Amino acid sequence: MRRTAIAPGRVNLIGDHTDYAGGLVLPMAIDRQTTVTVDLGAGDTLRLESEDAGDDHEWHRYVDAVVAEVAPGTVGTGTVQTTLPVGAGLSSSAALETAVALAVGFTGPPIELALACQRAEQAASGVPCGIMDQLSIAAAVEGHALRIDCSTNQVTPVPVPDDVEIVVVHSGQARTLAGSAYAERRAQLEAGDPRRVRHVETENQRVVAFSDALAAGDLTAAGRLMVESHASLRDDYEVSTEVLDDLVARLTATDGVFGARLTGAGFGGCVVALATPGALGEGWVVRPAGPARVVSER
Ligand code: GLA
């Protein structure tokens with residue numbers, strides 16, 4: 001039996017470092033994806049190869065962790081291809097996890113897929129991540145971002161207007177410290193550090209206001225909220241870097257750009273901008289994509 005599954009990456013429009021606090025997030029699955037093809041039933045383990053990963057074999061740990069979660073004992077061979085930049089903050093690992101899970105035969109609702117892949121991510125990386133990345137990929141709706149209430153995992157699709165571009169710009173800075181600093185921030189929040197708590201409380205309000213602004217077509221207000229979100233991540237949550245701050249400032253000062261902010265965990269990686277079509281001559285324009293799914297089986 002040969003099965004192929006695909007899974008998109010995601011960009012978070014607003015609502016970072018809120019998911020593990022039971023807060024609100026607004027991620028969007030994007031039109032860059034990972035494809036996993038598995039020939040089940042040959043060999044003594046599951047052996048996947050990738051031409052896109054170079055010499056980095058870290059990703060095998062994610063594959064093994066997913067198999068252990070959803071289909072222990074699976075044997076076979078297969079391939080992984082991706083059009084997602086690895087380690088850029090666009091959830092290449094969550095895309096890999098969900099595509100592998102579906103390719104080895106996971107069936108079940110998106111929330112169960114996301115929870116299994118979140119457990120695999122935590123086991124493989126040692127980072128106590130939240131549910132946002134995996135759920136935004138498992139439950140994606142084409143043409144929409146997803147507002148997720150992480151206290152209940154309830155998902156509400158929010159249409160993304162056609163007359164605006166979402167642009168992802170890589171800072172050029174690798175997210176090296178992301179793992180240990182992430183765990184540290186989470187622990188500080190749980191210990192009640194007032195600045196960390198203030199970020200989460202104000203960020204939750206910004207997610208609601210941003211969704212409303214997007215629905216009303218008020219892109220100026222949406223952009224302003226992104227800039228405020230970045231400032232809160234920089235000053236109260238302290239997950240930004242000078243490189244990210246400079247990039248956000250430069251993009252925000254560009255004609256036709258409504259706003260920009262770091263996206264995801266921070267400490268490097270990508271910035272997301274909201275712009276008039278064609279305003280930015282750099283980065284990748286990303287479009288809201290559909291969910292992780294099986295695309296062929298025979
Ligand atoms: C990473 C984690 C997510 C989320 C973001 C920050 O992407 O995997 O669960 O916490 O950081 O919003």
# chains A, B, ... in the order shown; residues from 1 in each chain; ligands from 1
call {"tool": "residues_near_ligand", "arguments": {"ligand": "ligand 1", "cutoff": "9 Å", "atoms": "only C-alpha atoms and all ligand atoms", "output": "number ranges by chain"}}
result
A: 12, 14-21, 25, 89-91, 94, 118, 121-122, 127-134, 178, 182, 186, 263-266
call {"tool": "residues_around", "arguments": {"residues": "Ala29 (chain A)", "least_positions_apart": "2", "cutoff": "9 Å", "atoms": "only C-alpha atoms", "output": "ChimeraX atom specification"}}
result
/A:7-12,27,31-32,136-137,140-142,144-146,286-291
call {"tool": "write_last_selection", "arguments": {"atoms": "C-alpha atoms", "output": "PDB file, in the first residue's frame"}}
result
ATOM      1  CA  ALA A   7       0.417  19.287   4.937  1.00  0.00           C
ATOM      2  CA  PRO A   8       0.764  23.065   4.688  1.00  0.00           C
ATOM      3  CA  GLY A   9       2.956  25.246   6.862  1.00  0.00           C
ATOM      4  CA  ARG A  10       1.365  28.094   8.779  1.00  0.00           C
ATOM      5  CA  VAL A  11       1.977  31.737   9.502  1.00  0.00           C
ATOM      6  CA  ASN A  12       0.524  33.268  12.647  1.00  0.00           C
ATOM      7  CA  PRO A  27      -2.889  31.453  12.395  1.00  0.00           C
ATOM      8  CA  ASP A  31       0.431  27.537   0.197  1.00  0.00           C
ATOM      9  CA  ARG A  32       3.833  26.023   0.929  1.00  0.00           C
ATOM     10  CA  SER A 136      -3.927  25.325  12.410  1.00  0.00           C
ATOM     11  CA  ILE A 137      -2.576  22.795   9.909  1.00  0.00           C
ATOM     12  CA  ALA A 140      -7.236  24.659   8.062  1.00  0.00           C
ATOM     13  CA  VAL A 141      -9.975  26.059   5.821  1.00  0.00           C
ATOM     14  CA  GLU A 142      -8.939  27.330   2.390  1.00  0.00           C
ATOM     15  CA  HIS A 144      -9.402  31.594   5.780  1.00  0.00           C
ATOM     16  CA  ALA A 145      -7.306  32.157   8.853  1.00  0.00           C
ATOM     17  CA  LEU A 146      -8.428  30.271  11.977  1.00  0.00           C
ATOM     18  CA  VAL A 286       1.431  33.533   1.082  1.00  0.00           C
ATOM     19  CA  ARG A 287      -2.183  32.526   0.482  1.00  0.00           C
ATOM     20  CA  PRO A 288      -4.558  30.792   2.888  1.00  0.00           C
ATOM     21  CA  ALA A 289      -4.469  27.055   2.156  1.00  0.00           C
ATOM     22  CA  GLY A 290      -6.557  24.002   3.019  1.00  0.00           C
ATOM     23  CA  PRO A 291      -5.785  21.358   5.661  1.00  0.00           C
TER      24      PRO A 291
END
call {"tool": "residues_around", "arguments": {"residues": "region 56-69 of chain A", "least_positions_apart": "2", "cutoff": "10 Å", "atoms": "only C-alpha atoms", "output": "JSON, numbers by chain"}}
result
{"A": [45, 46, 47, 48, 49, 50, 52, 53, 54, 71, 72, 73, 74, 75, 86, 92, 93, 94, 96, 97, 98, 99, 100, 101, 102, 104, 105, 106, 115, 116, 117, 118, 119, 120, 121, 122, 123, 124, 125]}
call {"tool": "residues_around", "arguments": {"residues": "region 250-256 of chain A", "least_positions_apart": "5", "cutoff": "12 Å", "atoms": "only C-alpha atoms", "output": "PyMOL selection string"}}
result
chain A and resi 164-165+167-171+219-220+223-228+230+243-245+261-262+271-283
call {"tool": "atom_distance", "arguments": {"atom1": "CA of Gly268 (chain A)", "atom2": "CA of Thr241 (chain A)"}}
result
6.6 Å
call {"tool": "select_by_dssp", "arguments": {"residues": "region 55-280 of chain A", "states": "helix (DSSP H, G or I)", "output": "count of residues only"}}
result
110
call {"tool": "select_by_dssp", "arguments": {"residues": "region 134-286 of chain A", "states": "strand (DSSP E)", "output": "JSON, numbers by chain"}}
result
{"A": [144, 145, 146, 147, 148, 149, 154, 155, 156, 157, 158, 159, 165, 166, 167, 168, 169, 170, 257, 258, 259, 260, 261, 262, 270, 271, 272, 273, 274, 275, 284, 285, 286]}
call {"tool": "write_last_selection", "arguments": {"atoms": "N, CA and C atoms", "output": "short mmCIF file (atom, residue, chain, number, x, y, z; two decimals), in the first residue's frame"}}
result
data_model
loop_
_atom_site.label_atom_id
_atom_site.label_comp_id
_atom_site.auth_asym_id
_atom_site.auth_seq_id
_atom_site.Cartn_x
_atom_site.Cartn_y
_atom_site.Cartn_z
N HIS A 144 -9.14 31.07 4.44
CA HIS A 144 -9.40 31.59 5.78
C HIS A 144 -8.18 31.49 6.69
N ALA A 145 -8.16 32.37 7.68
CA ALA A 145 -7.31 32.16 8.85
C ALA A 145 -8.20 31.46 9.88
N LEU A 146 -7.62 30.94 10.94
CA LEU A 146 -8.43 30.27 11.98
C LEU A 146 -8.24 31.00 13.29
N ARG A 147 -9.35 31.41 13.87
CA ARG A 147 -9.26 31.91 15.23
C ARG A 147 -9.46 30.71 16.14
N ILE A 148 -8.48 30.43 16.97
CA ILE A 148 -8.56 29.26 17.86
C ILE A 148 -8.59 29.75 19.30
N ASP A 149 -9.60 29.28 20.02
CA ASP A 149 -9.66 29.52 21.46
C ASP A 149 -8.98 28.32 22.12
N GLN A 154 -11.69 25.34 20.34
CA GLN A 154 -12.72 25.67 19.36
C GLN A 154 -12.11 26.52 18.25
N VAL A 155 -12.46 26.15 17.00
CA VAL A 155 -11.85 26.79 15.83
C VAL A 155 -12.92 27.58 15.06
N THR A 156 -12.65 28.86 14.78
CA THR A 156 -13.59 29.68 14.00
C THR A 156 -12.87 30.22 12.77
N PRO A 157 -13.28 29.78 11.56
CA PRO A 157 -12.63 30.31 10.35
C PRO A 157 -12.94 31.79 10.15
N VAL A 158 -11.92 32.57 9.81
CA VAL A 158 -12.06 34.01 9.57
C VAL A 158 -11.61 34.27 8.13
N PRO A 159 -12.53 34.74 7.25
CA PRO A 159 -12.13 34.94 5.85
C PRO A 159 -10.99 35.96 5.73
N GLU A 165 -2.43 41.60 0.79
CA GLU A 165 -1.42 40.54 0.70
C GLU A 165 -0.84 40.27 2.06
N ILE A 166 -0.64 38.99 2.35
CA ILE A 166 0.08 38.60 3.55
C ILE A 166 1.46 38.16 3.07
N VAL A 167 2.48 38.86 3.58
CA VAL A 167 3.84 38.64 3.09
C VAL A 167 4.71 38.19 4.25
N VAL A 168 5.46 37.12 4.01
CA VAL A 168 6.39 36.60 5.02
C VAL A 168 7.80 36.97 4.60
N VAL A 169 8.52 37.61 5.51
CA VAL A 169 9.90 38.02 5.20
C VAL A 169 10.83 37.37 6.22
N HIS A 170 11.80 36.62 5.74
CA HIS A 170 12.76 35.97 6.64
C HIS A 170 13.78 37.00 7.13
N VAL A 257 2.22 49.32 3.34
CA VAL A 257 2.25 48.28 4.36
C VAL A 257 1.42 48.75 5.56
N PHE A 258 0.44 47.94 5.97
CA PHE A 258 -0.43 48.31 7.08
C PHE A 258 0.21 47.99 8.44
N GLY A 259 1.00 46.93 8.47
CA GLY A 259 1.63 46.56 9.74
C GLY A 259 2.46 45.31 9.57
N ALA A 260 3.32 45.04 10.56
CA ALA A 260 4.17 43.85 10.53
C ALA A 260 4.51 43.46 11.96
N ARG A 261 4.86 42.20 12.12
CA ARG A 261 5.20 41.70 13.47
C ARG A 261 5.99 40.40 13.33
N LEU A 262 6.72 40.05 14.38
CA LEU A 262 7.35 38.73 14.37
C LEU A 262 6.23 37.70 14.40
N CYS A 270 10.89 34.43 10.98
CA CYS A 270 10.20 35.30 10.03
C CYS A 270 9.36 36.40 10.68
N VAL A 271 9.12 37.41 9.85
CA VAL A 271 8.19 38.50 10.16
C VAL A 271 7.03 38.37 9.18
N VAL A 272 5.81 38.69 9.64
CA VAL A 272 4.65 38.67 8.75
C VAL A 272 4.16 40.11 8.59
N ALA A 273 3.85 40.47 7.34
CA ALA A 273 3.36 41.83 7.06
C ALA A 273 2.01 41.76 6.35
N LEU A 274 1.20 42.78 6.57
CA LEU A 274 -0.09 42.94 5.90
C LEU A 274 0.07 44.13 4.97
N ALA A 275 -0.16 43.92 3.68
CA ALA A 275 0.20 44.97 2.72
C ALA A 275 -0.78 45.05 1.55
N TRP A 284 7.86 36.41 0.69
CA TRP A 284 6.94 35.53 -0.02
C TRP A 284 5.52 35.96 0.27
N VAL A 285 4.76 36.15 -0.80
CA VAL A 285 3.33 36.35 -0.63
C VAL A 285 2.73 34.97 -0.35
N VAL A 286 2.02 34.83 0.75
CA VAL A 286 1.43 33.53 1.08
C VAL A 286 -0.09 33.63 1.03
#
call {"tool": "closest_residue", "arguments": {"among": "A:Asp39, A:Glu203, A:Asp235, A:Asp162", "to": "Gly23 (chain A)", "atoms": "only C-alpha atoms"}}
result
A:Glu203
call {"tool": "atom_distance", "arguments": {"atom1": "CA of Tyr237 (chain A)", "atom2": "CA of Pro194 (chain A)"}}
result
10.1 Å
call {"tool": "atom_distance", "arguments": {"atom1": "CA of Ala5 (chain A)", "atom2": "CA of Thr77 (chain A)"}}
result
14.2 Å
call {"tool": "residues_around", "arguments": {"residues": "Gly22 (chain A)", "least_positions_apart": "5", "cutoff": "8 Å", "atoms": "only C-alpha atoms", "output": "ChimeraX atom specification"}}
result
/A:149-152
call {"tool": "write_last_selection", "arguments": {"atoms": "all heavy atoms", "output": "PDB file, in the first residue's frame"}}
result
ATOM      1  N   ASP A 149      -9.597  29.283  20.024  1.00  0.00           N
ATOM      2  CA  ASP A 149      -9.658  29.517  21.459  1.00  0.00           C
ATOM      3  C   ASP A 149      -8.976  28.316  22.116  1.00  0.00           C
ATOM      4  O   ASP A 149      -9.518  27.218  22.158  1.00  0.00           O
ATOM      5  CB  ASP A 149     -11.116  29.634  21.904  1.00  0.00           C
ATOM      6  CG  ASP A 149     -11.233  29.869  23.403  1.00  0.00           C
ATOM      7  OD1 ASP A 149     -10.259  29.565  24.138  1.00  0.00           O
ATOM      8  OD2 ASP A 149     -12.287  30.356  23.845  1.00  0.00           O
ATOM      9  N   CYS A 150      -7.768  28.531  22.589  1.00  0.00           N
ATOM     10  CA  CYS A 150      -6.958  27.408  23.069  1.00  0.00           C
ATOM     11  C   CYS A 150      -7.395  26.911  24.461  1.00  0.00           C
ATOM     12  O   CYS A 150      -6.809  25.961  24.973  1.00  0.00           O
ATOM     13  CB  CYS A 150      -5.477  27.773  23.042  1.00  0.00           C
ATOM     14  SG  CYS A 150      -4.908  28.171  21.377  1.00  0.00           S
ATOM     15  N   SER A 151      -8.431  27.543  25.039  1.00  0.00           N
ATOM     16  CA  SER A 151      -8.947  26.991  26.293  1.00  0.00           C
ATOM     17  C   SER A 151      -9.914  25.856  26.008  1.00  0.00           C
ATOM     18  O   SER A 151     -10.120  24.975  26.848  1.00  0.00           O
ATOM     19  CB  SER A 151      -9.632  28.080  27.132  1.00  0.00           C
ATOM     20  OG  SER A 151     -10.803  28.532  26.488  1.00  0.00           O
ATOM     21  N   THR A 152     -10.516  25.860  24.798  1.00  0.00           N
ATOM     22  CA  THR A 152     -11.479  24.810  24.430  1.00  0.00           C
ATOM     23  C   THR A 152     -11.083  24.113  23.132  1.00  0.00           C
ATOM     24  O   THR A 152     -11.714  23.126  22.749  1.00  0.00           O
ATOM     25  CB  THR A 152     -12.871  25.437  24.191  1.00  0.00           C
ATOM     26  OG1 THR A 152     -12.724  26.454  23.169  1.00  0.00           O
ATOM     27  CG2 THR A 152     -13.415  26.077  25.451  1.00  0.00           C
TER      28      THR A 152
END
